[in-house]
Amino acid sequence: MGTTVIAFLILYYATVLGIGWWAMRRGGARDLEGYLLGGRRVGPMVTALTMQSTSMSGYMFLGAGSLAYTQGYWALWYAAGDVGGAVVNLSVIGRRMRKLSQITGALTAIEYLEHRYPSPWTRLIAAGLAVFLLAVYVVAQFIAGGKGMELITGLPYSLALLIALAIIIVYTFLGGYLAVAYTDFFQSLVMLIGVLWILGAALAHFGGFAAGNAAVGAIDPSLLSVWGRDLAFEGQWGVVVGAVLIFSIGYMGWPHVVTRHMAMSRPETSRLAGAYATGWNLLFVPTPYLVGILAIAILPQLDDPELAIFNVAHALLPAAVTGLLMAAIMAAIMSTADSLLLQTGSIASRDLYQRFIRPGATEREMVFVSRALVLAIGAAGYVVAVVEPPTVFAIVIFATSVLGSAFAPAFICAVWWKRANTPGAIASMLTGAGTCITWELADLAAATTLHSMFAGLCASTAAIVAVSLATRRIAPVPPHVRQAIDKASAIGPVTPGRGGSSALALSPEAGEIAREIDARGSGRS
Amino acid sequence: MFGLPLETLMLLFGVPAAWVAFTVAFLVLTRSWTRDADESAED
């Protein structure tokens, strides 16, 4: 199938790069706010689909298919939360985070946390956690990309991974949130068409959904239950709740996803974005799981379950269509990887390097540092992915569980609970991350029948409440922060933050950069 | 239906239906958010 499939892939890459270039020409990188947040002028449809294509990574084509292939309909517990994850995220924090970030002049999700919970420690701890976890997460995308390219091109895994990584990094270097958002929008449509096409082919193979289920049930009837192969998870509601929470509430703790709130054109954009996202999710989210389940009967002897969806496409579709599907799979991987790399580079350069090491760094230096970090993270990820590649499912579940546990209560309480203070937020981040990592490394889920996400989220929520209340007298929430929260929750327009007095008071470095950019712009003109 | 146990059917169709209801309720209950409109341009 080589030539046709590769032709499709080249066409796909060219289209993505073209969209990215077009978006940049529209002024996405005109100033710092434009570069990091697309000038806060992204509409509901693009917001919804960039959020979803960023959230739905290579996991959906490898991890989800693998889980469904090995555990049957049990895997749908993960889809159950995922279908509503976007609308929960947008309805709970979307509008208020958009307003509060603008009032305080925050340009990154971590900077936003420092403005809401004022302390350098907030930023240091949040940025350290985010950079580590996002870097781990991006390794999963590299492995997924390498495996996909290996299957498509027939090249050895290490070389295929290198090519996939090079394409992702070059694409990321195009830079700019607006470019990423519009390419994500295109990629989400390609992903949707691709995955529905595979499902259609699988259903046609059996002659219908019921016939497909009958074939799977003939192999092992327990695969049709919601309790996994041999009913291994029967009655383990702690694991079920965790599986649902990861991709429903968990999204509210992912820095690369909540940044989408800050970039919305208006606070009310979250309403329509939520509706569009739910519509897209209904079609997309369950589909890879269903293909993985049907693959049990189509290809019962697979060596690598993570390639279940790839192999179903191989087995059932003509080369011309397979090319489109492979483009869809690469779209899922790339749309997440570019956002992760950009976010990791932004946080490492702005929230760590500029905030703590070189406060006077110029914009040019910042861009250089950001790109150098992207390259370093890419190189480290390549080594991990080649030397000892863990499963995509394991990495994604680990990174997303810890991110959600560490950050979700801090982001939610930021706009919903005025008494949440700095010690509470820091305790919440450390407790959530520590609990979740311990749970994963010690495999406590098996011993306790509680999912690591569930345990981590309970611990971080308890920490923010208990510590905030215990320290309310020695570390009260500053009046200007309480005022900003009141403004964010009230109905009505907000005053643009950057350059405003409150923004500069809360974010002196943002003001510095803004003034420098303005001065450069004046100089050029 | 479709050769699946009732619990599996609920997970496959019932949960997404609940999310649709949640989304509709969200749209209805947040109509006042349109008064948040500010000066921003939209792409």
# chains A, B, ... in the order shown; residues from 1 in each chain; ligands from 1
>>> interface_residues(of="chain B", to="chain A", cutoff="8 Å", atoms="only C-alpha atoms", output="list in words")
Met1, Phe2, Gly3, Leu4, Pro5, Glu7, Thr8, Leu11, Leu12, Val15, Pro16, Trp19, Val20, Thr23, Val24, Phe26, Leu27, Thr30, Ser32, Trp33, Thr34, Arg35, Asp36, Ala37, Asp38, Ser40, Ala41, Glu42 and Asp43 of chain B
>>> select_by_dssp(residues="segment 106-239 of chain A", states="helix (DSSP H, G or I)", output="count of residues only")
111
>>> residues_around(residues="Leu134 of chain A", least_positions_apart="6", cutoff="9 Å", atoms="only C-alpha atoms", output="PyMOL selection string")
chain A and resi 254-256+340-341+343-344+399-400+403
>>> write_last_selection(atoms="all heavy atoms", output="mmCIF file, in the first residue's frame")
data_model
loop_
_atom_site.group_PDB
_atom_site.id
_atom_site.type_symbol
_atom_site.label_atom_id
_atom_site.label_comp_id
_atom_site.auth_asym_id
_atom_site.auth_seq_id
_atom_site.Cartn_x
_atom_site.Cartn_y
_atom_site.Cartn_z
ATOM 1 N N TRP A 254 -5.740 19.992 33.353
ATOM 2 C CA TRP A 254 -4.695 19.891 32.339
ATOM 3 C C TRP A 254 -4.341 21.294 31.824
ATOM 4 O O TRP A 254 -5.160 21.946 31.142
ATOM 5 C CB TRP A 254 -5.161 19.053 31.143
ATOM 6 C CG TRP A 254 -5.510 17.630 31.479
ATOM 7 C CD1 TRP A 254 -5.586 17.063 32.720
ATOM 8 C CD2 TRP A 254 -5.847 16.596 30.550
ATOM 9 N NE1 TRP A 254 -5.940 15.739 32.610
ATOM 10 C CE2 TRP A 254 -6.112 15.427 31.312
ATOM 11 C CE3 TRP A 254 -5.963 16.543 29.167
ATOM 12 C CZ2 TRP A 254 -6.469 14.223 30.706
ATOM 13 C CZ3 TRP A 254 -6.316 15.344 28.565
ATOM 14 C CH2 TRP A 254 -6.564 14.201 29.335
ATOM 15 N N PRO A 255 -3.139 21.774 32.096
ATOM 16 C CA PRO A 255 -2.788 23.148 31.702
ATOM 17 C C PRO A 255 -2.930 23.402 30.204
ATOM 18 O O PRO A 255 -3.358 24.485 29.795
ATOM 19 C CB PRO A 255 -1.318 23.265 32.131
ATOM 20 C CG PRO A 255 -1.156 22.257 33.222
ATOM 21 C CD PRO A 255 -2.070 21.121 32.866
ATOM 22 N N HIS A 256 -2.584 22.418 29.370
ATOM 23 C CA HIS A 256 -2.652 22.653 27.925
ATOM 24 C C HIS A 256 -4.089 22.686 27.426
ATOM 25 O O HIS A 256 -4.354 23.148 26.315
ATOM 26 C CB HIS A 256 -1.848 21.591 27.166
ATOM 27 C CG HIS A 256 -2.325 20.184 27.379
ATOM 28 N ND1 HIS A 256 -2.280 19.559 28.593
ATOM 29 C CD2 HIS A 256 -2.860 19.283 26.529
ATOM 30 C CE1 HIS A 256 -2.761 18.326 28.483
ATOM 31 N NE2 HIS A 256 -3.122 18.142 27.235
ATOM 32 N N LEU A 340 1.209 20.080 23.499
ATOM 33 C CA LEU A 340 2.009 19.713 24.670
ATOM 34 C C LEU A 340 3.394 20.329 24.596
ATOM 35 O O LEU A 340 3.907 20.877 25.573
ATOM 36 C CB LEU A 340 2.132 18.193 24.765
ATOM 37 C CG LEU A 340 0.882 17.427 25.193
ATOM 38 C CD1 LEU A 340 1.095 15.933 25.030
ATOM 39 C CD2 LEU A 340 0.532 17.740 26.631
ATOM 40 N N LEU A 341 4.006 20.249 23.415
ATOM 41 C CA LEU A 341 5.349 20.800 23.272
ATOM 42 C C LEU A 341 5.344 22.312 23.442
ATOM 43 O O LEU A 341 6.187 22.880 24.140
ATOM 44 C CB LEU A 341 5.923 20.426 21.907
ATOM 45 C CG LEU A 341 6.549 19.027 21.804
ATOM 46 C CD1 LEU A 341 6.957 18.735 20.371
ATOM 47 C CD2 LEU A 341 7.751 18.886 22.718
ATOM 48 N N GLN A 343 3.139 24.097 25.053
ATOM 49 C CA GLN A 343 2.803 24.431 26.434
ATOM 50 C C GLN A 343 3.991 24.165 27.355
ATOM 51 O O GLN A 343 4.294 24.968 28.235
ATOM 52 C CB GLN A 343 1.592 23.578 26.865
ATOM 53 C CG GLN A 343 0.918 24.038 28.121
ATOM 54 C CD GLN A 343 0.266 25.411 27.993
ATOM 55 O OE1 GLN A 343 0.191 26.120 28.963
ATOM 56 N NE2 GLN A 343 -0.176 25.809 26.820
ATOM 57 N N THR A 344 4.666 23.040 27.135
ATOM 58 C CA THR A 344 5.825 22.727 27.961
ATOM 59 C C THR A 344 6.914 23.775 27.769
ATOM 60 O O THR A 344 7.510 24.268 28.738
ATOM 61 C CB THR A 344 6.383 21.330 27.597
ATOM 62 O OG1 THR A 344 5.304 20.404 27.572
ATOM 63 C CG2 THR A 344 7.401 20.860 28.613
ATOM 64 N N ALA A 399 0.124 10.150 33.368
ATOM 65 C CA ALA A 399 0.302 11.609 33.269
ATOM 66 C C ALA A 399 -1.014 12.351 33.463
ATOM 67 O O ALA A 399 -1.070 13.358 34.195
ATOM 68 C CB ALA A 399 0.918 11.969 31.919
ATOM 69 N N THR A 400 -2.078 11.860 32.842
ATOM 70 C CA THR A 400 -3.351 12.583 32.934
ATOM 71 C C THR A 400 -3.959 12.462 34.331
ATOM 72 O O THR A 400 -4.585 13.401 34.823
ATOM 73 C CB THR A 400 -4.351 12.096 31.874
ATOM 74 O OG1 THR A 400 -4.494 10.674 31.994
ATOM 75 C CG2 THR A 400 -3.892 12.434 30.483
ATOM 76 N N LEU A 403 -1.902 14.903 36.514
ATOM 77 C CA LEU A 403 -2.250 16.292 36.172
ATOM 78 C C LEU A 403 -3.605 16.669 36.757
ATOM 79 O O LEU A 403 -3.773 17.731 37.366
ATOM 80 C CB LEU A 403 -2.289 16.469 34.647
ATOM 81 C CG LEU A 403 -0.968 16.697 33.917
ATOM 82 C CD1 LEU A 403 -1.164 16.603 32.410
ATOM 83 C CD2 LEU A 403 -0.343 18.046 34.274
#
>>> residues_around(residues="Leu316 of chain A", least_positions_apart="4", cutoff="10 Å", atoms="only C-alpha atoms", output="list in words")
Ile198, Ala201, Ala202, Ala204, His205, Ile298, Asn311, Val312, Val321 and Thr322 of chain A
>>> write_last_selection(atoms="C-alpha atoms", output="compact mmCIF listing (two decimals), in the first residue's frame")
# COMPACT_ATOMS: atom_id res chain seq x y z
CA ILE A 198 -12.90 2.32 10.31
CA ALA A 201 -15.75 -1.03 7.71
CA ALA A 202 -15.69 -3.17 10.85
CA ALA A 204 -19.76 -4.07 7.35
CA HIS A 205 -17.29 -6.92 7.89
CA ILE A 298 -11.57 -9.67 13.37
CA ASN A 311 -4.42 -3.50 11.86
CA VAL A 312 -8.19 -3.41 11.44
CA VAL A 321 -8.85 4.85 2.19
CA THR A 322 -6.19 3.56 4.56
>>> residues_around(residues="Pro118 of chain A", least_positions_apart="3", cutoff="12 Å", atoms="only C-alpha atoms", output="ChimeraX atom specification")
/A:104,110-115,121-124,414,420-426,475-482,505-507
